[in-house]
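Written below as structure tokens is the structure these notes are about.
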Amino acid sequence: MNDRDIKQKELLVVGLTPESLGKPALWYAQNTGRIKESLETSLSWKNKALILSVGDKAVLAEFLRALDEFGYEKVLNVTRYGEFAHRGGIIDVFPLNLDYPVRIEFAGNYIEEINILEQRSDIERTDWEKIMGRALDARQSDFKEGERVVHLDHGIGIFSGKTELKINEERREYFTIEYAKGDKLFVPITLSRKLSRYLGFSEPAIARLGGTLWLKTKRKVREDALIMAKQLFDIYAAKEAAEREPYQYDILEKEFAATFQYEETPDQARAIKEIMDDLDKNKPSDRLICGDVGFGKTEVALRAMFRVVMGGKQAAILSPTTILADQHYNNAKARFEKFGIKTAILTRLQSRAEQKKTIKDIHEGKIDVIVGTHRILSKDVFSAEGGSPPKADAPLEHASPAAPAEAGRAGGKNLGLLVIDEEQRFGVKAKETLRSARAHLDVLSLSATPIPRTFYFALAGLRPISRIQTAPEGRQSVETIIMPWKKEVVREVINKELARGGQVYFLHNRIMTIKQSRDEIQKLAPRANIGIIHGRLGEKELIETMHKLRSGQIDVLISTTIIENGLDLANVNTLIVEDASRLGLSQAYQLRGRIGRSHQKAFAYFLWRKKRLSPKATLRLEALEEAAELGSGWRIAERDLEIRGAGNILGREQSGNVNRVGLNLYCQMLSEAVEQIKSSANH
């Protein structure tokens, strides 16, 4: 680093808190006097800022501890806001209240010099603040004893609980982290943002405290993340270049919001605001809405669709199954029709003549909202040159989603917004092909458990994300029971649910033997009315069966995983999975989300018939049991990524980097690297 011959007599260092973000360096310069007064008169400011002066008596170790408690990150060399480096009697620090770093030289217990360093942050202030804001939000404090955690400055250790310590006459609560050779680190509870749960794909080595090994590891991973970020930036740069007309606020939006029969949760309100902010801009958005089933993602999407339609464009909802499309259509039609918004549905359920008429109306701009399965991605719906229609949407138990044809103009109007429900059920091409042909298209994806690739991109800040984690009022968590198959238990569980006037989902995921399963359940519950659904049933029979279930004519529905997505029946409050060993973690979590959607206590039984579970099946079911509280979808996505590994998402080298620092810190580094490249590109 080069020193400019600019010395300072005094230095203000402000701590990293949500309140300190969002203020430019000039604000701090203009308010230094007021901050100094507050430091002398207000106890609340003691842990938020400090002032150093040349000639002051100051203990170097205490200053280092203060920087740590301010949330600053320890590195080998400072390159951006919020970092510090220590070598002998010299400390370099990049205060968030300045636009340059400063070198402080100590002589014993006195400050000898304060020099400005000729350097600027490698990330723009606003971009750095955005990343820090995400990091402050994302940090956890609900660690479990014995699990591995990552400390930003000291590396990977083992969480061993909380303890209370008295330091300088002040009693505070600390996290205790254990390292090799009996080393222990005590982290103030207020500094939980410096800790994250370790997510990796192999057992990490635990080192001793002290030394520079961790700082060197971070530097190497940061360098590799920069290379990866350059590749990702090239992909996203083309999307950033696309523009469209902003969608203006419409006076009817308030009236439409009032037709929502529930009170918005705080998370819902925030997600709606974030999406409206996206639509206010002149660049198309690609936002992920992540929230548990029944937490109100669909309502958030309906608000966005309303604004887009009022702005003269069409909106579409893409659903993975005909059943879910039918549910969405009925809901959207009921909400939109009083505002003169025309809604149509396109699935295999409609006859060829009905489909032809609907497509003609879409082309002529007579339809505002289109709900459907893959059928809506066919080139005859939103036609353009090139591409071919996908295969018919085969039963989802047997076929992966087909890639769509390229999409173009829809008659006099354009498709402006695509909502993808249950995004994890669709291949990457299903969205990317559509988006590449229509660069101005806004995309809103809904998921309770994002697929690892989506989850990873969201963590890295490469996709904006709104998380809905607040449960609707009155919702209870689902009691989860994991045990071997026992006929007597199944009989008792079914009869207990029917006795309280409820209904049961029974999951049997083999079409060939589903009728034998019905006969077995009928013997266990002779008085129950039993229905069957699976992907090979005709569409009309599927819908009729679901309507019978909804109206109470069916007590027990025996089904394949076709019930996994989106079904919303408040009276079904017991789920029995006959063979849970075959389910993926996210799939099992989605299935559990099908129940417990009312004020009734719900029960999910995950059974298995094999003598012994495989190690991965055991891990999946343990993770499901751990994630019993409401709003655990994000945590499930983390564990899913961890159990599956990430070689196919990140490549072998980046997977190695994830193992070295943990997924959370790696994604933060990748996010910083992307912003660093953007900053370079703008200069």
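Labels used: A, B, ... for chains in the order of the structure tokens, numbers from 1 for residues in each chain, and numbers from 1 for ligands as shown.
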A:Leu39: which residues within 9 Å, counting only C-alpha atoms, same-chain residues fewer than 3 positions away excluded, as a PDB file with N, CA and C atoms, in the first residue's frame?
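And here's out15.pdb as it stands now:
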```
ATOM      1  N   ARG A  34     -21.543  16.134  16.704  1.00  0.00           N
ATOM      2  CA  ARG A  34     -22.701  15.588  17.414  1.00  0.00           C
ATOM      3  C   ARG A  34     -22.429  14.163  17.905  1.00  0.00           C
ATOM      4  N   ILE A  35     -21.713  13.384  17.063  1.00  0.00           N
ATOM      5  CA  ILE A  35     -21.381  12.003  17.458  1.00  0.00           C
ATOM      6  C   ILE A  35     -20.441  12.012  18.660  1.00  0.00           C
ATOM      7  N   LYS A  36     -19.475  12.955  18.679  1.00  0.00           N
ATOM      8  CA  LYS A  36     -18.541  13.067  19.815  1.00  0.00           C
ATOM      9  C   LYS A  36     -19.301  13.376  21.104  1.00  0.00           C
ATOM     10  N   SER A  42     -24.065   9.511  26.042  1.00  0.00           N
ATOM     11  CA  SER A  42     -25.026   8.418  25.860  1.00  0.00           C
ATOM     12  C   SER A  42     -24.343   7.059  25.923  1.00  0.00           C
ATOM     13  N   LEU A  43     -24.845   6.209  26.847  1.00  0.00           N
ATOM     14  CA  LEU A  43     -24.284   4.856  26.969  1.00  0.00           C
ATOM     15  C   LEU A  43     -24.543   4.024  25.725  1.00  0.00           C
ATOM     16  N   SER A  44     -25.683   4.272  25.057  1.00  0.00           N
ATOM     17  CA  SER A  44     -26.050   3.469  23.884  1.00  0.00           C
ATOM     18  C   SER A  44     -25.060   3.653  22.733  1.00  0.00           C
ATOM     19  N   TRP A  45     -24.322   4.767  22.747  1.00  0.00           N
ATOM     20  CA  TRP A  45     -23.357   5.018  21.666  1.00  0.00           C
ATOM     21  C   TRP A  45     -22.011   4.336  21.923  1.00  0.00           C
ATOM     22  N   LYS A  46     -21.798   3.851  23.154  1.00  0.00           N
ATOM     23  CA  LYS A  46     -20.485   3.317  23.535  1.00  0.00           C
ATOM     24  C   LYS A  46     -20.025   2.179  22.633  1.00  0.00           C
ATOM     25  N   LYS A  48     -21.104   1.704  19.524  1.00  0.00           N
ATOM     26  CA  LYS A  48     -21.420   2.018  18.133  1.00  0.00           C
ATOM     27  C   LYS A  48     -20.328   2.819  17.427  1.00  0.00           C
ATOM     28  N   ALA A  49     -19.451   3.471  18.191  1.00  0.00           N
ATOM     29  CA  ALA A  49     -18.408   4.304  17.572  1.00  0.00           C
ATOM     30  C   ALA A  49     -17.316   4.595  18.591  1.00  0.00           C
ATOM     31  N   LEU A  50     -16.152   5.017  18.083  1.00  0.00           N
ATOM     32  CA  LEU A  50     -15.085   5.497  18.964  1.00  0.00           C
ATOM     33  C   LEU A  50     -14.266   6.550  18.231  1.00  0.00           C
ATOM     34  N   ILE A  51     -13.565   7.377  19.016  1.00  0.00           N
ATOM     35  CA  ILE A  51     -12.706   8.416  18.431  1.00  0.00           C
ATOM     36  C   ILE A  51     -11.295   8.234  18.970  1.00  0.00           C
TER      37      ILE A  51
END
```
Give me the residues of stretch 199-316 of chain A that have any atom at most 12 Å from an atom of stretch 343-350 of chain A; for each, the nearest atom pair and the distance in Å, rounded to one decimal. Use only C-alpha atoms, sort by chain and number, and format it as JSON lines.
```
{"residue": "A:Met305", "atom": "CA", "partner": "A:Thr343", "partner_atom": "CA", "distance": 11.4}
{"residue": "A:Phe306", "atom": "CA", "partner": "A:Thr343", "partner_atom": "CA", "distance": 11.6}
{"residue": "A:Val309", "atom": "CA", "partner": "A:Thr343", "partner_atom": "CA", "distance": 10.9}
{"residue": "A:Gln314", "atom": "CA", "partner": "A:Thr343", "partner_atom": "CA", "distance": 10.1}
{"residue": "A:Ala315", "atom": "CA", "partner": "A:Thr343", "partner_atom": "CA", "distance": 9.6}
{"residue": "A:Ala316", "atom": "CA", "partner": "A:Thr343", "partner_atom": "CA", "distance": 9.5}
```
Can you spit out the residues from that selection as a CSV table (one decimal), in the first residue's frame, using C-alpha atoms?
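Writing the result to out.csv gives the following:
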```csv
chain,number,residue,atom,x,y,z
A,305,MET,CA,-50.1,-9.4,-11.9
A,306,PHE,CA,-52.8,-6.8,-11.2
A,309,VAL,CA,-52.4,-6.0,-16.4
A,314,GLN,CA,-50.6,-9.8,-20.0
A,315,ALA,CA,-49.6,-12.0,-17.1
A,316,ALA,CA,-49.3,-15.8,-16.9
```
For A:Glu83, find every residue with an atom within 12 Å (counting only C-alpha atoms), except residues of its own chain fewer than 5 positions away, and show them as a CSV table (one decimal) with C-alpha atoms, in the first residue's frame.
```
chain,number,residue,atom,x,y,z
A,13,VAL,CA,-14.6,4.8,13.5
A,15,GLY,CA,-19.5,0.3,14.0
A,16,LEU,CA,-21.5,-1.8,11.6
A,64,LEU,CA,-8.7,-4.7,18.1
A,67,LEU,CA,-13.1,-3.3,15.9
A,68,ASP,CA,-14.2,-6.9,16.3
A,70,PHE,CA,-18.1,-3.2,15.8
A,71,GLY,CA,-18.5,-6.0,13.2
A,72,TYR,CA,-15.4,-5.3,11.2
A,73,GLU,CA,-13.8,-8.2,9.4
A,74,LYS,CA,-10.2,-9.2,10.0
A,75,VAL,CA,-8.2,-9.7,6.8
A,76,LEU,CA,-4.5,-9.8,5.6
A,77,ASN,CA,-4.9,-6.6,3.6
A,78,VAL,CA,-7.8,-4.1,3.6
A,91,ILE,CA,-3.5,-1.4,12.3
A,92,ASP,CA,-5.0,-0.6,9.0
A,93,VAL,CA,-8.8,0.0,9.1
A,94,PHE,CA,-11.3,1.0,6.4
A,95,PRO,CA,-14.0,2.8,8.5
A,96,LEU,CA,-17.5,2.7,7.0
A,100,TYR,CA,-10.5,5.6,2.2
A,101,PRO,CA,-8.6,3.4,4.7
A,102,VAL,CA,-6.5,4.7,7.5
A,121,SER,CA,-12.7,0.5,-1.9
A,122,ASP,CA,-12.9,-2.2,-4.6
A,128,TRP,CA,-21.2,-3.0,-0.1
A,152,LEU,CA,-15.8,-14.5,10.1
A,153,ASP,CA,-12.4,-13.7,11.6
```
According to DSSP computed on the backbone, where in stretch 484-601 of chain A is there strand (DSSP E or B)? Give the residues as an MDAnalysis selection string.
chainID A and resid 484 503:507 530:533 556:559 572:577
Limited to C-alpha atoms, could you put the picked residues into a file as a PDB file, in the first residue's frame?
```
ATOM      1  CA  PRO A 484     -41.250 -48.101  10.748  1.00  0.00           C
ATOM      2  CA  GLN A 503     -59.661 -36.103   6.251  1.00  0.00           C
ATOM      3  CA  VAL A 504     -56.457 -37.987   5.462  1.00  0.00           C
ATOM      4  CA  TYR A 505     -53.830 -38.015   2.700  1.00  0.00           C
ATOM      5  CA  PHE A 506     -52.233 -41.448   2.283  1.00  0.00           C
ATOM      6  CA  LEU A 507     -49.171 -41.412   0.026  1.00  0.00           C
ATOM      7  CA  ILE A 530     -61.604 -43.773  -0.126  1.00  0.00           C
ATOM      8  CA  GLY A 531     -60.528 -41.993  -3.313  1.00  0.00           C
ATOM      9  CA  ILE A 532     -57.496 -42.482  -5.556  1.00  0.00           C
ATOM     10  CA  ILE A 533     -55.521 -40.036  -7.704  1.00  0.00           C
ATOM     11  CA  VAL A 556     -59.069 -40.784   2.767  1.00  0.00           C
ATOM     12  CA  LEU A 557     -57.294 -39.855  -0.465  1.00  0.00           C
ATOM     13  CA  ILE A 558     -54.699 -42.391  -1.592  1.00  0.00           C
ATOM     14  CA  SER A 559     -52.304 -40.621  -3.912  1.00  0.00           C
ATOM     15  CA  VAL A 572     -57.058 -32.511   5.590  1.00  0.00           C
ATOM     16  CA  ASN A 573     -54.888 -32.599   8.709  1.00  0.00           C
ATOM     17  CA  THR A 574     -53.257 -36.027   8.715  1.00  0.00           C
ATOM     18  CA  LEU A 575     -50.631 -37.211   6.229  1.00  0.00           C
ATOM     19  CA  ILE A 576     -49.372 -40.812   6.140  1.00  0.00           C
ATOM     20  CA  VAL A 577     -46.403 -41.545   3.873  1.00  0.00           C
TER      21      VAL A 577
END
```
Taking the DSSP assignment computed from this structure's backbone, write out as a ChimeraX atom specification all residues of stretch 203-402 of chain A that belong to helix (DSSP H, G or I).
/A:213-241,253-258,266-280,297-310,322-339,352-363,374-377
Any idea what the distance is between atom CA of A:Ala325 and atom CA of A:Tyr605?
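Pair atom CA of A:Ala325 / atom CA of A:Tyr605 returns 27.6 Å.
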One-decimal distance in Å that lies between atom CA of A:Tyr28 and atom CA of A:Asn97
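According to the coordinates, atom CA of A:Asn97 and atom CA of A:Tyr28 are separated by 6.0 Å.
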Top pick for closest residue to A:Gly82, considering A:Glu105, A:Glu113, A:Glu129, A:Glu62 and counting only C-alpha atoms:
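Nearest to A:Gly82: A:Glu129.
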Just the residues within 12 Å of A:Ile206, please, counting only C-alpha atoms, with nothing from its chain fewer than 4 positions along; format it as JSON, numbers by chain.
{"A": [148, 149, 150, 151, 154, 155, 156, 157, 158, 159, 177, 178, 179, 180, 181, 182, 183, 184, 198, 213, 214, 659, 660, 661]}
Next, the residues of the selection above should be written as an mmCIF file, in the first residue's frame with N, CA and C atoms.
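Saved file again_16.cif follows:
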```cif
data_model
loop_
_atom_site.group_PDB
_atom_site.id
_atom_site.type_symbol
_atom_site.label_atom_id
_atom_site.label_comp_id
_atom_site.auth_asym_id
_atom_site.auth_seq_id
_atom_site.Cartn_x
_atom_site.Cartn_y
_atom_site.Cartn_z
ATOM 1 N N ARG A 148 -21.066 -27.492 13.611
ATOM 2 C CA ARG A 148 -19.975 -26.631 13.167
ATOM 3 C C ARG A 148 -20.498 -25.265 12.754
ATOM 4 N N VAL A 149 -19.761 -24.240 13.147
ATOM 5 C CA VAL A 149 -20.110 -22.872 12.779
ATOM 6 C C VAL A 149 -18.864 -22.196 12.208
ATOM 7 N N VAL A 150 -19.087 -21.102 11.482
ATOM 8 C CA VAL A 150 -17.969 -20.354 10.893
ATOM 9 C C VAL A 150 -17.936 -18.964 11.508
ATOM 10 N N HIS A 151 -16.792 -18.612 12.093
ATOM 11 C CA HIS A 151 -16.594 -17.240 12.568
ATOM 12 C C HIS A 151 -15.841 -16.481 11.492
ATOM 13 N N HIS A 154 -12.148 -15.969 12.606
ATOM 14 C CA HIS A 154 -11.358 -17.041 13.217
ATOM 15 C C HIS A 154 -11.575 -18.419 12.597
ATOM 16 N N GLY A 155 -12.560 -18.546 11.697
ATOM 17 C CA GLY A 155 -12.715 -19.800 10.978
ATOM 18 C C GLY A 155 -13.698 -20.773 11.599
ATOM 19 N N ILE A 156 -13.574 -22.043 11.177
ATOM 20 C CA ILE A 156 -14.550 -23.079 11.512
ATOM 21 C C ILE A 156 -14.262 -23.667 12.889
ATOM 22 N N GLY A 157 -15.288 -23.659 13.747
ATOM 23 C CA GLY A 157 -15.181 -24.249 15.074
ATOM 24 C C GLY A 157 -16.445 -25.013 15.403
ATOM 25 N N ILE A 158 -16.542 -25.481 16.637
ATOM 26 C CA ILE A 158 -17.714 -26.261 17.069
ATOM 27 C C ILE A 158 -18.453 -25.482 18.153
ATOM 28 N N PHE A 159 -19.747 -25.276 17.924
ATOM 29 C CA PHE A 159 -20.566 -24.533 18.884
ATOM 30 C C PHE A 159 -20.817 -25.399 20.113
ATOM 31 N N ILE A 177 -17.332 -21.085 21.257
ATOM 32 C CA ILE A 177 -16.914 -21.860 20.079
ATOM 33 C C ILE A 177 -15.608 -22.561 20.413
ATOM 34 N N GLU A 178 -15.558 -23.874 20.183
ATOM 35 C CA GLU A 178 -14.346 -24.651 20.489
ATOM 36 C C GLU A 178 -13.533 -24.901 19.228
ATOM 37 N N TYR A 179 -12.214 -24.788 19.379
ATOM 38 C CA TYR A 179 -11.273 -25.046 18.284
ATOM 39 C C TYR A 179 -10.321 -26.169 18.711
ATOM 40 N N ALA A 180 -9.325 -26.461 17.890
ATOM 41 C CA ALA A 180 -8.401 -27.572 18.169
ATOM 42 C C ALA A 180 -7.581 -27.293 19.434
ATOM 43 N N LYS A 181 -7.082 -28.358 20.032
ATOM 44 C CA LYS A 181 -6.192 -28.295 21.201
ATOM 45 C C LYS A 181 -6.830 -27.572 22.387
ATOM 46 N N GLY A 182 -8.161 -27.609 22.484
ATOM 47 C CA GLY A 182 -8.833 -26.999 23.633
ATOM 48 C C GLY A 182 -9.011 -25.496 23.558
ATOM 49 N N ASP A 183 -8.625 -24.880 22.437
ATOM 50 C CA ASP A 183 -8.820 -23.429 22.294
ATOM 51 C C ASP A 183 -10.305 -23.088 22.305
ATOM 52 N N LYS A 184 -10.652 -21.985 22.978
ATOM 53 C CA LYS A 184 -12.055 -21.552 23.027
ATOM 54 C C LYS A 184 -12.167 -20.080 22.646
ATOM 55 N N TYR A 198 -22.181 -23.724 9.565
ATOM 56 C CA TYR A 198 -21.316 -24.274 8.515
ATOM 57 C C TYR A 198 -22.124 -25.189 7.622
ATOM 58 N N LEU A 213 -3.524 -18.711 9.123
ATOM 59 C CA LEU A 213 -4.028 -19.746 8.211
ATOM 60 C C LEU A 213 -5.432 -19.411 7.704
ATOM 61 N N TRP A 214 -6.330 -19.019 8.609
ATOM 62 C CA TRP A 214 -7.706 -18.721 8.209
ATOM 63 C C TRP A 214 -7.751 -17.495 7.292
ATOM 64 N N ASN A 659 -16.251 -25.986 0.942
ATOM 65 C CA ASN A 659 -15.848 -26.789 2.097
ATOM 66 C C ASN A 659 -14.869 -26.039 2.998
ATOM 67 N N ARG A 660 -14.036 -25.189 2.403
ATOM 68 C CA ARG A 660 -13.005 -24.480 3.188
ATOM 69 C C ARG A 660 -13.580 -23.387 4.075
ATOM 70 N N VAL A 661 -14.633 -22.702 3.592
ATOM 71 C CA VAL A 661 -15.159 -21.564 4.375
ATOM 72 C C VAL A 661 -16.646 -21.692 4.709
#
```
May I ask which of the residues A:Val490, A:Val381, A:Ile465, A:Leu324 is the closest one to A:Asp421, counting only C-alpha atoms?
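The shortest atom-to-atom distance to A:Asp421 comes from A:Leu324.
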Enumerate, in order of chain and increasing residue number, the residues of stretch 19-107 of chain A with an atom no farther than 12 Å from stretch 133-147 of chain A, each with its shortest atom pair and distance in Å to one decimal, counting only C-alpha atoms, as JSON lines.
```
{"residue": "A:Glu19", "atom": "CA", "partner": "A:Gly133", "partner_atom": "CA", "distance": 10.2}
{"residue": "A:Ser20", "atom": "CA", "partner": "A:Gly133", "partner_atom": "CA", "distance": 10.5}
{"residue": "A:Leu21", "atom": "CA", "partner": "A:Gly133", "partner_atom": "CA", "distance": 7.8}
{"residue": "A:Gly22", "atom": "CA", "partner": "A:Gly133", "partner_atom": "CA", "distance": 9.7}
{"residue": "A:Gly71", "atom": "CA", "partner": "A:Leu136", "partner_atom": "CA", "distance": 9.9}
```
